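Single-structure report; data block below.
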Amino acid sequence: MLSKARRNIDSYRTSTGLDNVEFRLGEIEHLPVADASVDVIISNCVVNLSGEKERVLAEAFRVLRPGGRLALSDIVVRGAIPSEIRRNLELWAGCVAGALEETEYRDMLAQAGFVEIGIEPTRIYQADDVKELLVGTDLSSDLLVAQVEGKFMSAFIRAKKPAVTV
């Protein structure tokens, strides 16, 4: 993907007028970016794939400039979910099993130093949605669906690095 992006960068620059775009290979836990050098971080369902979520959020805080913004889209959980979901590899790959509980997400963001934290649900998963998430796993029982109905949600997660860090 990185090679393809680099091949296409000239046409991107021409079509958008942006000349400050570059692509770098890195890991979300170890961003190849200098401290306080980024204005905005945008991510779509990547935090849940990491086993080191605290490190991911600390790294985001490190690279953001004072006043910088974090804008994520991710799956968030409201309340406890059965351990068999947490252990399912297919559901990890689908950003479900690694989903943070809403309060835990807020606490981790605050612990990393973020302020103005907001978690805005965009879709709350009902029974039919949960059944669809469980397709291809051995976890499709009606009892399990009933236990997690309404607990998973797609959400926008927003936070800011304080303009002046303490």
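Labeling convention for the structure tokens: chains A, B, ... as they appear, residues from 1 per chain, ligands from 1 in order of appearance.
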(message) Can you tell me, as a PyMOL selection string, which residues in stretch 7-150 of chain A count as alpha helix (DSSP H) by DSSP?
(response) chain A and resi 7-16+53-63+83-86+89-93+102-112+127-134+142-148
Please tabulate, as JSON lines, the residues of stretch 127-154 of chain A that come within 12 Å of stretch 98-107 of chain A, each with its closest pair of atoms and the distance in Å to one decimal, counting only C-alpha atoms and ordering rows by chain, then residue number upward.
```
{"residue": "A:Lys151", "atom": "CA", "partner": "A:Glu101", "partner_atom": "CA", "distance": 9.2}
{"residue": "A:Phe152", "atom": "CA", "partner": "A:Ala99", "partner_atom": "CA", "distance": 8.5}
{"residue": "A:Met153", "atom": "CA", "partner": "A:Ala99", "partner_atom": "CA", "distance": 9.6}
{"residue": "A:Ser154", "atom": "CA", "partner": "A:Ala99", "partner_atom": "CA", "distance": 10.0}
```
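In this comparison, which uses only C-alpha atoms, the residue of A:Asp128, A:Asp74, A:Asp138, A:Asp39 approaching A:Ala163 most closely is A:Asp39.
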(request) Identify which of the residues A:Leu2, A:Ala36, A:Ala80, A:Asn44 lies closest to A:Arg24, counting only C-alpha atoms when measuring atom-to-atom distances. (result)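 Ranking A:Leu2, A:Ala36, A:Ala80, A:Asn44 by distance to A:Arg24, first place goes to A:Leu2.
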